[in-house]
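Student: If you scroll down you'll find the structure; I have some questions about it.
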Amino acid sequence: MGNKVTTKGNKFMINRRLVLGMIAAATTLDASRTAFAKEKHHLNGKDLLGENIKKNGKHKIHTTGKKVDVYAEVKNGKVTGVTAAGMQVKKVRSRQKFAETTPGITLASMQLAQADVYYYGYWVYDDLTDTYIWFPADYVIVDGSWVEYTA
């Protein structure tokens with residue numbers, strides 16, 4: 001009879017250890033996923049660039065969280081590119097407006113009128129951050145190189 005109790009005790013110990021191990025593994029996986037979550041920042045490129053849209057050349061428009069300067073290249077009133085040392089840049093577009101100029105009331109008629117309007121963004125990214133700098137269509141050269149933004 002003593003052997004039966006010991007056998008049940010060993011099974012209980014194995015099961016408890018298994019459960020504790022599974023909990024520890026799940027916690028570790030969840031923590032690592034949280035640690036690698038990227039920060040997303042949506043910025044209004046028109047406001048960042050300001051009057052520099054009228055001046056040809058490279059203009060500093062932002063500094064990332066890693067203290068990297070972001071520059072917009074302007075030629076003939078259009079942003080032709082965005083660069084940031086050590087970071088990748090891709091061109092994206094979206095019908096959704098991510099960067100507001102000023103808070104306020106948007107009238108329903110204005111929203112309907114802008115249903116087919118695209119906003120064009122430069123996605124500046126590295127392993128920690130995603131920065132999107134959005135411009136209206138008249139600030140960029142619209143061609144087939146812009147890819148659809150996906151959240």
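Ligands are numbered from 1 in the order shown, residues from 1 within each chain, and chains are lettered A, B, ... in the order they appear in the structure tokens.
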Find the spatial neighbours of Lys75 (chain A), counting only C-alpha atoms, within a cut-off of 12 Å - ignore same-chain residues fewer than 6 positions away - and output them as a PyMOL selection string.
Tutor: chain A and resi 52-59+81+139-141
Student: Include C-alpha atoms and write out the residues we just selected as a PDB file, in the first residue's frame.
Tutor:
```pdb
ATOM      1  CA  ASN A  52      11.135  74.521 -46.697  1.00  0.00           C
ATOM      2  CA  ILE A  53       8.879  72.953 -49.349  1.00  0.00           C
ATOM      3  CA  LYS A  54       9.676  76.100 -51.369  1.00  0.00           C
ATOM      4  CA  LYS A  55      13.460  75.602 -51.056  1.00  0.00           C
ATOM      5  CA  ASN A  56      15.358  72.959 -53.016  1.00  0.00           C
ATOM      6  CA  GLY A  57      17.747  70.816 -50.983  1.00  0.00           C
ATOM      7  CA  LYS A  58      17.961  68.584 -47.928  1.00  0.00           C
ATOM      8  CA  HIS A  59      16.011  69.729 -44.865  1.00  0.00           C
ATOM      9  CA  GLY A  81      12.958  61.359 -50.847  1.00  0.00           C
ATOM     10  CA  TYR A 139       3.823  67.395 -51.762  1.00  0.00           C
ATOM     11  CA  VAL A 140       5.200  64.225 -53.389  1.00  0.00           C
ATOM     12  CA  ILE A 141       5.675  62.715 -56.828  1.00  0.00           C
TER      13      ILE A 141
END
```
Student: Would you please work out which residue, of A:Asp143, A:Glu39, A:Asp47, A:Asp126, is nearest to Thr80 (chain A) when using only C-alpha atoms?
Tutor: A:Asp143
Student: Just give me the gap between CA of Ala84 (chain A) and CA of Lys97 (chain A) in Å, one decimal is fine.
Tutor: 23.3 Å
Student: Please measure the separation of CA of Leu43 (chain A) and CA of Val142 (chain A), giving the value in Å to one decimal.
Tutor: 19.3 Å
Student: Near Ala37 (chain A), within 10 Å and counting only C-alpha atoms, which residues show up once chain neighbours fewer than 6 positions away are dropped, as a VMD selection string?
Tutor: chain A and resid 127 to 129
Student: Mind writing the picked residues with N, CA and C atoms as a CSV table (one decimal), in the first residue's frame?
Tutor:
```csv
chain,number,residue,atom,x,y,z
A,127,ASP,N,15.1,48.3,-35.9
A,127,ASP,CA,14.6,47.2,-35.1
A,127,ASP,C,13.7,47.6,-34.0
A,128,LEU,N,13.7,48.9,-33.6
A,128,LEU,CA,12.9,49.3,-32.4
A,128,LEU,C,11.7,50.2,-32.8
A,129,THR,N,11.8,51.0,-33.8
A,129,THR,CA,10.8,52.0,-34.1
A,129,THR,C,10.3,52.0,-35.5
```
Student: Please list as a PDB file with C-alpha atoms, in the first residue's frame every residue within 10 Å of Asp130 (chain A), counting only C-alpha atoms and excluding residues in the same chain fewer than 4 positions away.
Tutor:
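Saved as around.pdb:
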```
ATOM      1  CA  LYS A  38       7.819  48.235 -32.102  1.00  0.00           C
ATOM      2  CA  GLU A  39       6.786  51.761 -31.329  1.00  0.00           C
ATOM      3  CA  LYS A  40       4.835  53.447 -34.137  1.00  0.00           C
ATOM      4  CA  HIS A  41       4.879  57.191 -34.662  1.00  0.00           C
ATOM      5  CA  HIS A  42       2.753  58.964 -37.283  1.00  0.00           C
ATOM      6  CA  THR A  64      14.125  59.659 -34.090  1.00  0.00           C
ATOM      7  CA  GLN A  88      15.640  51.915 -43.800  1.00  0.00           C
ATOM      8  CA  VAL A  89      13.050  53.985 -45.657  1.00  0.00           C
ATOM      9  CA  TRP A 123       8.221  54.810 -43.443  1.00  0.00           C
ATOM     10  CA  VAL A 124      11.514  55.239 -41.575  1.00  0.00           C
ATOM     11  CA  TYR A 125      12.309  52.166 -39.499  1.00  0.00           C
ATOM     12  CA  ASP A 126      14.801  50.080 -37.603  1.00  0.00           C
TER      13      ASP A 126
END
```
Student: Expressed in Å to a single decimal, how great is the separation between CA of Tyr132 (chain A) and CA of Gly144 (chain A)?
Tutor: 18.9 Å
Student: Nearest to Glu148 (chain A) among A:Lys67, A:Arg16, A:Arg93, A:His62, with distances taken over only C-alpha atoms: which residue is it?
Tutor: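 The shortest atom-to-atom distance to Glu148 (chain A) comes from A:Arg93.
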Student: For Gly45 (chain A), find every residue with an atom within 7 Å (counting only C-alpha atoms), except residues of its own chain fewer than 4 positions away, and show them as a PyMOL selection string.
Tutor: chain A and resi 49+133-135
Student: I'd like the contact shell of Tyr118 (chain A) - 8 Å cut-off, only C-alpha atoms, skipping same-chain residues fewer than 2 positions apart - returned as a list in words.
Tutor: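 Listed by chain and then number, they are Arg93, Ser94, Arg95, Gln96, Asp116, Tyr120, Pro136 and Ala137 of chain A.
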Student: Convert the current residue selection to file output with N, CA and C atoms, as a PDB file, in the first residue's frame.
Tutor:
```
ATOM      1  N   ARG A  93       1.432  54.383 -48.913  1.00  0.00           N
ATOM      2  CA  ARG A  93       0.288  55.274 -49.117  1.00  0.00           C
ATOM      3  C   ARG A  93      -0.921  54.691 -48.401  1.00  0.00           C
ATOM      4  N   SER A  94      -1.861  55.579 -48.057  1.00  0.00           N
ATOM      5  CA  SER A  94      -3.058  55.131 -47.356  1.00  0.00           C
ATOM      6  C   SER A  94      -4.192  56.123 -47.603  1.00  0.00           C
ATOM      7  N   ARG A  95      -5.403  55.607 -47.576  1.00  0.00           N
ATOM      8  CA  ARG A  95      -6.574  56.486 -47.656  1.00  0.00           C
ATOM      9  C   ARG A  95      -6.912  57.058 -46.287  1.00  0.00           C
ATOM     10  N   GLN A  96      -6.399  56.430 -45.244  1.00  0.00           N
ATOM     11  CA  GLN A  96      -6.669  56.898 -43.885  1.00  0.00           C
ATOM     12  C   GLN A  96      -5.674  57.983 -43.517  1.00  0.00           C
ATOM     13  N   ASP A 116     -11.619  59.336 -51.720  1.00  0.00           N
ATOM     14  CA  ASP A 116     -10.647  58.770 -52.652  1.00  0.00           C
ATOM     15  C   ASP A 116      -9.284  59.458 -52.578  1.00  0.00           C
ATOM     16  N   TYR A 120       0.480  60.110 -48.559  1.00  0.00           N
ATOM     17  CA  TYR A 120       1.719  59.436 -48.917  1.00  0.00           C
ATOM     18  C   TYR A 120       2.726  59.601 -47.787  1.00  0.00           C
ATOM     19  N   PRO A 136       0.552  65.208 -47.989  1.00  0.00           N
ATOM     20  CA  PRO A 136      -0.555  65.196 -48.955  1.00  0.00           C
ATOM     21  C   PRO A 136       0.007  64.922 -50.351  1.00  0.00           C
ATOM     22  N   ALA A 137      -0.858  64.515 -51.255  1.00  0.00           N
ATOM     23  CA  ALA A 137      -0.441  64.122 -52.601  1.00  0.00           C
ATOM     24  C   ALA A 137       0.305  65.233 -53.348  1.00  0.00           C
TER      25      ALA A 137
END
```
